[in-house]
Amino acid sequence: MTAAILAQNLVRRFGDFTAVDDVSFEVAHGEIFGFLGPNGSGKTVTIKMLTGILPLSGGAAFIDGLDVRTEAEAVRSRIGYMSQKFGLYDDLSVLENLRFYGMAYGLRRARLQARINDAVARNALEPYAERLAGRLSGGWRQRLALACAMIHEPRILYLDEPTAGIDPVARRQLWDLLFELSGQGITFFVTTHYMDEAERCSHLAYLYYGQLIADGTPDGLCRLPEVTPAGTRRYGISTRDAGHARRVAAGVAGIRSTTIFGRSLHALIEDSADIDDIARALTRQGVVIDELRPLVPTLEDVFVELSERRQRELDGAA
Amino acid sequence: MNALRGFSAVFYKEMLHARRDRLALVFALMMPLMQMVILGTAIDTNVRQVPTVVFDESGVNQTDGAALSGTGVSRAFLDRLRNTDTYRIYRHVDSDEALNREMVAGRARVAIKIPLTFARDLMAGRQAQVLVMVDGSDSAVAGQALNVASQVGLDESLQRMLPGDARPLIDVRPKLMFNPDSRSPNFFLPGLMAVLLLFVTTMLTAFSIVREKERGTLEQLLVTPARPLGIMLGKIMPYFALGLVELVVILLFMRFAFGVPMHGNPVLLLCLATGYVFVNLTIGLLISTRANSQAEALQLSMMTILPSIFLSGYIFPRDTMPLVFYGLSYLVPATYMVDIARGVILRGAGLAELWSNAVVLGLMGLVILLLAARRFQRMIV
């Protein structure tokens, strides 16, 4: 079976700047593929290349086996795209937005009407059918945007930060909908900054300044040896002043690195070091330890660790 | 048909935009009429009643003490000048300095000095002199004022030289064709039609794409299978209809509110003007694909509209332009429309005389439309 999305050595340059640098990955049908990375790391540029609206500087991309460079039109009728800004016309009503996008995808007459009715019913949009899109609240705008992006029944959907600025309830509802649709075999390519959303994806990739530095399932990423290198283990240190604790920890032998999470410090401890010695060393320098326990790395640990490693490599190279 | 994919969708959407945006619609329809009223009633290019100051010295030596009232002959001469309707003598002064002052202050456009010896010389059959000073800062006024003064002088001379009932041997009978009364609205309004349409139609589309760029709907539109040419035409068509309505309104207004006679066929005028409306809409689109914001689109529109007006021959005759500008004027769509409008309305010209203008406009529109579609395709970054 061909992959839903296949990216092979994707490159996109803007003048001297390389926004996407030799990125390869494969997304299977029915997956929810989470595409993560800091702002400006090239996520949106990658999406634009995979939707066929931005030419590639190098490499190749196939959607459902179709080459985006040569079969852009066939690609476009198979994919749906919801941009960060939602792409709704504020001065058009809910029904008019749906009708416009349906027509733009070449739907006509009975089929167009059937798809509109279906989108309205599925997303519970009836009460707002005649309301102008500009007067909908964030959650409803997002629903309408998704309904518009799906009006032509695409098998593959790109959602660029679909939950940015949406309240938690609407976020939850969107994810429930994504799970339901992915169960029907629809593939989702989602970018997000929320770790709880990342954990719900079946497949994750992490883009760091144009380069792909992680690709796998959430569990697989958490078990990556780079995240918890051989000869180290991970501890959570709960304390009142995590900033102070981190400064102190930097000078304690046996602590390889630390990251702050709210009121606790996640530390990589060398296997050779005794955890009680370390606790004593910290306490001696005024760190009040409320709790000390071994940790399984979270996705956030994974991405922070990978980003820092990558940054060290980049700095070393420069 | 494939290249036009997306036309009906975009057309549907643009119709809705146009209907919702009442303000823009009112602006588009009313502004031209307002400008027409202002220009049609306020502008009179016929030079009349030019403020004139007179220093008549010719009566100073007379003994009756009426120093400033001149002599019979000088008064008769001034009356003749006044009767041409070109001069309005608003003041008599009694010195050269005062005469000068009026000119420098701008109160007088023309200053006439009749010297001491005027009446004496005339009576004696010698050549008498009259000084006519004209403010050259407005060339139309200056030219007219000079011509009329010379004409009156010449007439007066002839009559004095010729015996009683003799007539000049050559009688020139000028006939002002197409606009016999030399009414300014007749000349100005047909050209104004081209200018007003230029403003409205260019502006209508200049914002259309850049607006989508600003609101973030452009990329959403780009991932649909709609093709650039289909999108472009879909965006143009509603405004094309609006432009034609505008044209009809302007024509009706011109004919019935300002009484400009229609010598040719108004249906022909409408047909020829469709090409013009089309070109301007495509220029607006091209601007819209170039601009990064609506403010920039407005500036770019102004940058194309203003030179168009000056080069089109609407204000300054093209025939007197330097060669470079004369050549440039052929690239300006408004040039062809001004010619079409004046041709049909004033000269009663028909298809035989004007078909080439329409062809040029149509071709221009087509080329610019394709350019805009090409630019649109490359906009996505």
# chains A, B, ... in the order shown; residues from 1 in each chain; ligands from 1
$ interface_residues --of "chain A" --to "chain B" --cutoff "6 Å" --atoms "only C-alpha atoms" --output "list in words"
Glu73, Arg76, Lys85, Gly87, Phe100, Met103, Ala104 and Tyr105 of chain A
$ write_last_selection --atoms "C-alpha atoms" --output "PDB file, in the first residue's frame"
ATOM      1  CA  GLU A  73      -4.176  19.191  -9.558  1.00  0.00           C
ATOM      2  CA  ARG A  76      -5.336  19.110  -4.649  1.00  0.00           C
ATOM      3  CA  LYS A  85      -5.891  31.747   9.932  1.00  0.00           C
ATOM      4  CA  GLY A  87      -9.275  30.939   5.601  1.00  0.00           C
ATOM      5  CA  PHE A 100     -17.992  28.609  -2.091  1.00  0.00           C
ATOM      6  CA  MET A 103     -17.789  25.027  -5.811  1.00  0.00           C
ATOM      7  CA  ALA A 104     -14.066  25.751  -5.788  1.00  0.00           C
ATOM      8  CA  TYR A 105     -13.482  22.005  -5.477  1.00  0.00           C
TER       9      TYR A 105
END
$ residues_around --residues "Val344 (chain B)" --least-positions-apart "4" --cutoff "12 Å" --atoms "only C-alpha atoms" --output "number ranges by chain"
B: 178, 190-191, 251, 260-273, 337-340, 348-355
$ residues_around --residues "region 118-133 of chain A" --least-positions-apart "6" --cutoff "6 Å" --atoms "only C-alpha atoms" --output "list of chain:residue names"
A:Asp90, A:Asp91, A:Leu92, A:Ser93, A:Val94, A:Leu95, A:Ala147
$ residues_around --residues "Ala108 (chain B)" --least-positions-apart "6" --cutoff "7 Å" --atoms "only C-alpha atoms" --output "MDAnalysis selection string"
chainID B and resid 51:53 102
$ residues_around --residues "Leu207 (chain A)" --least-positions-apart "5" --cutoff "10 Å" --atoms "only C-alpha atoms" --output "list of chain:residue names"
A:Val20, A:Asp21, A:Val23, A:Phe35, A:Leu36, A:Gly37, A:Pro38, A:Asn39, A:Gly40, A:Ser41, A:Gly42, A:Lys43, A:Thr46, A:Leu212, A:Ile213, A:Ala214, A:Asp215, A:Phe303, A:Ser307
$ write_last_selection --atoms "N, CA and C atoms" --output "PDB file, in the first residue's frame"
ATOM      1  N   VAL A  20      13.824  24.544   4.787  1.00  0.00           N
ATOM      2  CA  VAL A  20      13.615  23.113   5.003  1.00  0.00           C
ATOM      3  C   VAL A  20      14.803  22.402   4.361  1.00  0.00           C
ATOM      4  N   ASP A  21      15.492  21.590   5.185  1.00  0.00           N
ATOM      5  CA  ASP A  21      16.788  21.071   4.751  1.00  0.00           C
ATOM      6  C   ASP A  21      16.778  19.547   4.768  1.00  0.00           C
ATOM      7  N   VAL A  23      14.572  16.964   4.362  1.00  0.00           N
ATOM      8  CA  VAL A  23      13.622  16.349   5.291  1.00  0.00           C
ATOM      9  C   VAL A  23      12.919  15.164   4.620  1.00  0.00           C
ATOM     10  N   PHE A  35       3.273  17.034  13.612  1.00  0.00           N
ATOM     11  CA  PHE A  35       4.485  17.643  13.080  1.00  0.00           C
ATOM     12  C   PHE A  35       4.830  18.788  14.016  1.00  0.00           C
ATOM     13  N   LEU A  36       5.912  18.612  14.767  1.00  0.00           N
ATOM     14  CA  LEU A  36       6.219  19.593  15.799  1.00  0.00           C
ATOM     15  C   LEU A  36       7.522  20.313  15.515  1.00  0.00           C
ATOM     16  N   GLY A  37       7.715  21.396  16.249  1.00  0.00           N
ATOM     17  CA  GLY A  37       8.949  22.157  16.101  1.00  0.00           C
ATOM     18  C   GLY A  37       8.719  23.576  16.571  1.00  0.00           C
ATOM     19  N   PRO A  38       9.801  24.279  16.924  1.00  0.00           N
ATOM     20  CA  PRO A  38       9.655  25.670  17.371  1.00  0.00           C
ATOM     21  C   PRO A  38       9.074  26.539  16.258  1.00  0.00           C
ATOM     22  N   ASN A  39       8.606  27.733  16.635  1.00  0.00           N
ATOM     23  CA  ASN A  39       8.133  28.672  15.616  1.00  0.00           C
ATOM     24  C   ASN A  39       9.263  28.993  14.658  1.00  0.00           C
ATOM     25  N   GLY A  40       8.938  29.067  13.371  1.00  0.00           N
ATOM     26  CA  GLY A  40       9.956  29.424  12.394  1.00  0.00           C
ATOM     27  C   GLY A  40      10.863  28.271  12.032  1.00  0.00           C
ATOM     28  N   SER A  41      10.490  27.047  12.418  1.00  0.00           N
ATOM     29  CA  SER A  41      11.376  25.922  12.113  1.00  0.00           C
ATOM     30  C   SER A  41      11.105  25.328  10.742  1.00  0.00           C
ATOM     31  N   GLY A  42      10.051  25.807  10.069  1.00  0.00           N
ATOM     32  CA  GLY A  42       9.796  25.337   8.709  1.00  0.00           C
ATOM     33  C   GLY A  42       8.587  24.428   8.570  1.00  0.00           C
ATOM     34  N   LYS A  43       7.753  24.371   9.609  1.00  0.00           N
ATOM     35  CA  LYS A  43       6.585  23.484   9.553  1.00  0.00           C
ATOM     36  C   LYS A  43       5.611  23.916   8.461  1.00  0.00           C
ATOM     37  N   THR A  46       6.873  23.369   5.008  1.00  0.00           N
ATOM     38  CA  THR A  46       6.760  21.960   4.620  1.00  0.00           C
ATOM     39  C   THR A  46       5.330  21.642   4.164  1.00  0.00           C
ATOM     40  N   LEU A 212      14.897  17.578  10.315  1.00  0.00           N
ATOM     41  CA  LEU A 212      14.092  16.634  11.073  1.00  0.00           C
ATOM     42  C   LEU A 212      15.010  15.937  12.069  1.00  0.00           C
ATOM     43  N   ILE A 213      14.731  16.084  13.381  1.00  0.00           N
ATOM     44  CA  ILE A 213      15.641  15.454  14.345  1.00  0.00           C
ATOM     45  C   ILE A 213      14.969  14.340  15.130  1.00  0.00           C
ATOM     46  N   ALA A 214      13.694  14.083  14.890  1.00  0.00           N
ATOM     47  CA  ALA A 214      13.050  12.932  15.538  1.00  0.00           C
ATOM     48  C   ALA A 214      11.880  12.480  14.683  1.00  0.00           C
ATOM     49  N   ASP A 215      11.619  11.193  14.650  1.00  0.00           N
ATOM     50  CA  ASP A 215      10.541  10.643  13.835  1.00  0.00           C
ATOM     51  C   ASP A 215      10.166   9.290  14.425  1.00  0.00           C
ATOM     52  N   PHE A 303      11.741  16.541  23.481  1.00  0.00           N
ATOM     53  CA  PHE A 303      12.004  17.622  22.527  1.00  0.00           C
ATOM     54  C   PHE A 303      13.015  18.612  23.066  1.00  0.00           C
ATOM     55  N   SER A 307      16.459  19.141  21.152  1.00  0.00           N
ATOM     56  CA  SER A 307      16.760  20.495  20.664  1.00  0.00           C
ATOM     57  C   SER A 307      18.108  20.949  21.188  1.00  0.00           C
TER      58      SER A 307
END
$ atom_distance --atom1 "CA of Ala373 (chain B)" --atom2 "CA of Gly284 (chain B)"
12.3 Å
$ atom_distance --atom1 "CA of Arg91 (chain B)" --atom2 "CA of Gly153 (chain B)"
21.1 Å
$ residues_around --residues "His152 (chain A)" --least-positions-apart "5" --cutoff "10 Å" --atoms "only C-alpha atoms" --output "number ranges by chain"
A: 77-80, 101-107, 111-112, 115-116, 147; B: 224
$ atom_distance --atom1 "CA of Thr117 (chain B)" --atom2 "CA of Gly72 (chain B)"
13.2 Å
$ closest_residue --among "A:Tyr209, A:Ile32, A:Tyr89, A:Phe17" --to "Glu214 (chain B)" --atoms "only C-alpha atoms"
A:Tyr89
